[in-house]
Amino acid sequence: MHYKIILDKRRSRKDNKYPLKLRVYEGDNYKDASLNISIYETEWDADTQVVLKECKNHGLYNAKLTQEKAVADKRVLFGIEPAAPQKPKKKYSIIEYGRKLSHEFERTGKTGNSKVYNTAVEMLLRYTKQKNILFEEIDYSFLLSFQNDLLQREVGVNTISIYLRTIRAIFNKAINEELTENYPFKKFRIKQLPTPSRTLTIEELKKIVSYKCSGDREFNRDLFLTSFCLVGINLSDLLTLTNKNIVDGRITFSRRKTHKIYSILLQGQTNRFLERWSNNSYYLIPVLSQKYEGKELQKKIGQAIHVCNNYMKKIAKDLGIQKDISTYYARYSWANAARNLGYSKDLIAEALGHEYGNKVTGIYLDGYSNEVLDKANEQVIAAVFNPAPTAKQKTKQSNKRAYY
């Protein structure tokens, strides 16, 4: 009895690949056992019985061949009969599974996640040109080759990082569902470059507040500033606030992205903005219509954010602020202003709903009292919207501090 691995070239698949098989000889007879591996003829060395490096998955395939040979060796040397064949587990396509996850995110209103997953999967499909590529076919070498291909096409390092982190998340979800045991990210390092600062200084924010404008430009400027006053609330959350979100003089809402609960006191300039826009519409901000739902609502929100971003870029240009301002700047600028006023990273992290030091386990103000965070926001708003004190006022304040 002896065996060898053969490339069965009797019939090719549609992609012109041939299956590898384990052929076991007994006298003049032989039996073939499928190895569930298909490769091109140029990727197989019949003499050394290995898959050549021309194949992207040569490492994974050769490891499997080594295991099959070890089992065959025991059978030849010791006459051990192979175990009764088990029903092969269903193999899952990462492309199809990734699309399924994307659809689930879209169905539950997480359109941002849906787009990220769908884009990552499409980039993977563009690289492999195989709709049915399996989880088991992706290894360290594959990921490295995929990353290098994206770099050669001049895709940004941080964009590549998003694709790879999304693919890693798809693997984690598939493993949790017991669809695969393969995890190619054990030693693979995802590269990422530091992102440029997306903050405005207090002085730059003051310029925006003092900027003389009207019409749509004024409306979108004030929309940006309202986001700032509400601790950098995302525009997607701000635009969908209704009167039901106002409870005891506070804006209470669940953030669409993370589902964390926020409760922010309405104070100072925020009230003035909302009072100016009050027009008995369904939403507090007169941008969206109640008739929009689902995908149409998400589309309208995206359009409103795009318009606001465009106006803020024009305003920045007029003011000589050389920053690519977008609505994200409201959130990070609030944190930067609070930091400049001496507030701790822990407090700022909790205000933003992040987990830093004190872990936020439930409602927004779990680690700090409402009063502490309300006071912090009051001072941040005052630093931006209140006029700078005159020299005479500064002298009075200094004398007052000296007296006490």
# chains A, B, ... in the order shown; residues from 1 in each chain; ligands from 1
>>> select_by_dssp(residues="segment 104-138 of chain A", states="alpha helix (DSSP H)", output="list in words")
Glu104, Phe105, Glu106, Arg107, Thr111, Gly112, Asn113, Ser114, Lys115, Val116, Tyr117, Asn118, Thr119, Ala120, Val121, Glu122, Met123, Leu124, Leu125, Arg126, Tyr127 and Thr128 of chain A
>>> closest_atom_pairs(of="segment 219-311 of chain A", to="segment 381-387 of chain A", cutoff="10 Å", atoms="only C-alpha atoms", output="JSON lines")
{"residue": "A:Leu225", "atom": "CA", "partner": "A:Ile381", "partner_atom": "CA", "distance": 9.7}
{"residue": "A:Phe228", "atom": "CA", "partner": "A:Ile381", "partner_atom": "CA", "distance": 8.3}
{"residue": "A:Cys229", "atom": "CA", "partner": "A:Ile381", "partner_atom": "CA", "distance": 6.1}
{"residue": "A:Leu230", "atom": "CA", "partner": "A:Ile381", "partner_atom": "CA", "distance": 9.3}
{"residue": "A:Val231", "atom": "CA", "partner": "A:Ile381", "partner_atom": "CA", "distance": 9.4}
{"residue": "A:Gln267", "atom": "CA", "partner": "A:Ile381", "partner_atom": "CA", "distance": 9.0}
{"residue": "A:Gly268", "atom": "CA", "partner": "A:Ile381", "partner_atom": "CA", "distance": 7.6}
{"residue": "A:Gln269", "atom": "CA", "partner": "A:Phe385", "partner_atom": "CA", "distance": 7.6}
{"residue": "A:Thr270", "atom": "CA", "partner": "A:Ile381", "partner_atom": "CA", "distance": 9.0}
>>> atom_distance(atom1="atom CA of Ile39 of chain A", atom2="atom CA of Asn16 of chain A")
8.4 Å
>>> select_by_dssp(residues="segment 208-393 of chain A", states="strand (DSSP E)", output="PyMOL selection string")
chain A and resi 246-247+250-254+261-265
>>> write_last_selection(atoms="N, CA and C atoms", output="PDB file, in the first residue's frame")
ATOM      1  N   ILE A 246     -36.988  66.600  25.389  1.00  0.00           N
ATOM      2  CA  ILE A 246     -36.780  67.615  26.423  1.00  0.00           C
ATOM      3  C   ILE A 246     -37.522  67.187  27.682  1.00  0.00           C
ATOM      4  N   VAL A 247     -36.762  66.887  28.723  1.00  0.00           N
ATOM      5  CA  VAL A 247     -37.329  66.434  29.996  1.00  0.00           C
ATOM      6  C   VAL A 247     -36.723  67.273  31.119  1.00  0.00           C
ATOM      7  N   ARG A 250     -33.838  69.460  30.191  1.00  0.00           N
ATOM      8  CA  ARG A 250     -32.643  68.761  29.727  1.00  0.00           C
ATOM      9  C   ARG A 250     -32.945  68.045  28.418  1.00  0.00           C
ATOM     10  N   ILE A 251     -31.945  67.971  27.553  1.00  0.00           N
ATOM     11  CA  ILE A 251     -32.044  67.167  26.346  1.00  0.00           C
ATOM     12  C   ILE A 251     -31.591  65.752  26.710  1.00  0.00           C
ATOM     13  N   THR A 252     -32.481  64.805  26.625  1.00  0.00           N
ATOM     14  CA  THR A 252     -32.165  63.412  26.942  1.00  0.00           C
ATOM     15  C   THR A 252     -32.369  62.565  25.685  1.00  0.00           C
ATOM     16  N   PHE A 253     -31.355  61.833  25.295  1.00  0.00           N
ATOM     17  CA  PHE A 253     -31.450  61.052  24.066  1.00  0.00           C
ATOM     18  C   PHE A 253     -30.476  59.877  24.102  1.00  0.00           C
ATOM     19  N   SER A 254     -30.714  58.925  23.216  1.00  0.00           N
ATOM     20  CA  SER A 254     -29.824  57.779  23.035  1.00  0.00           C
ATOM     21  C   SER A 254     -29.030  57.998  21.753  1.00  0.00           C
ATOM     22  N   ILE A 261     -26.894  56.628  26.680  1.00  0.00           N
ATOM     23  CA  ILE A 261     -27.898  57.616  27.058  1.00  0.00           C
ATOM     24  C   ILE A 261     -27.200  58.904  27.509  1.00  0.00           C
ATOM     25  N   TYR A 262     -27.636  60.032  26.963  1.00  0.00           N
ATOM     26  CA  TYR A 262     -27.075  61.345  27.311  1.00  0.00           C
ATOM     27  C   TYR A 262     -28.184  62.217  27.901  1.00  0.00           C
ATOM     28  N   SER A 263     -27.810  63.059  28.855  1.00  0.00           N
ATOM     29  CA  SER A 263     -28.746  64.022  29.434  1.00  0.00           C
ATOM     30  C   SER A 263     -27.989  65.327  29.632  1.00  0.00           C
ATOM     31  N   ILE A 264     -28.332  66.333  28.827  1.00  0.00           N
ATOM     32  CA  ILE A 264     -27.568  67.586  28.797  1.00  0.00           C
ATOM     33  C   ILE A 264     -28.498  68.753  29.109  1.00  0.00           C
ATOM     34  N   LEU A 265     -28.093  69.572  30.071  1.00  0.00           N
ATOM     35  CA  LEU A 265     -28.894  70.722  30.473  1.00  0.00           C
ATOM     36  C   LEU A 265     -28.946  71.757  29.348  1.00  0.00           C
TER      37      LEU A 265
END
>>> residues_around(residues="Ser227 of chain A", least_positions_apart="5", cutoff="8 Å", atoms="only C-alpha atoms", output="PyMOL selection string")
chain A and resi 232-235+238+330-331
>>> decode(residues="segment 128-159 of chain A", atoms="C-alpha atoms", output="mmCIF file, in the first residue's frame")
data_model
loop_
_atom_site.group_PDB
_atom_site.id
_atom_site.type_symbol
_atom_site.label_atom_id
_atom_site.label_comp_id
_atom_site.auth_asym_id
_atom_site.auth_seq_id
_atom_site.Cartn_x
_atom_site.Cartn_y
_atom_site.Cartn_z
ATOM 1 C CA THR A 128 -9.798 38.268 -5.006
ATOM 2 C CA LYS A 129 -12.291 38.407 -7.883
ATOM 3 C CA GLN A 130 -13.930 35.451 -6.114
ATOM 4 C CA LYS A 131 -17.409 35.815 -4.696
ATOM 5 C CA ASN A 132 -17.124 32.480 -2.892
ATOM 6 C CA ILE A 133 -13.752 32.915 -1.181
ATOM 7 C CA LEU A 134 -13.927 31.003 2.090
ATOM 8 C CA PHE A 135 -12.851 32.056 5.579
ATOM 9 C CA GLU A 136 -10.369 29.164 5.525
ATOM 10 C CA GLU A 137 -8.666 30.527 2.428
ATOM 11 C CA ILE A 138 -7.530 33.702 4.168
ATOM 12 C CA ASP A 139 -4.235 33.526 6.065
ATOM 13 C CA TYR A 140 -1.425 35.865 7.126
ATOM 14 C CA SER A 141 0.117 35.867 3.632
ATOM 15 C CA PHE A 142 -3.244 36.667 2.078
ATOM 16 C CA LEU A 143 -3.781 39.667 4.393
ATOM 17 C CA LEU A 144 -0.277 40.961 3.699
ATOM 18 C CA SER A 145 -0.792 40.631 -0.048
ATOM 19 C CA PHE A 146 -4.207 42.332 0.182
ATOM 20 C CA GLN A 147 -2.696 45.218 2.167
ATOM 21 C CA ASN A 148 0.166 45.641 -0.315
ATOM 22 C CA ASP A 149 -2.284 45.629 -3.229
ATOM 23 C CA LEU A 150 -4.235 48.480 -1.632
ATOM 24 C CA LEU A 151 -1.024 50.426 -0.994
ATOM 25 C CA GLN A 152 0.007 50.003 -4.634
ATOM 26 C CA ARG A 153 -3.347 51.451 -5.657
ATOM 27 C CA GLU A 154 -2.523 54.447 -3.426
ATOM 28 C CA VAL A 155 -5.271 53.811 -0.892
ATOM 29 C CA GLY A 156 -4.490 55.718 2.323
ATOM 30 C CA VAL A 157 -2.961 53.835 5.251
ATOM 31 C CA ASN A 158 -5.810 54.748 7.612
ATOM 32 C CA THR A 159 -8.419 53.789 5.018
#
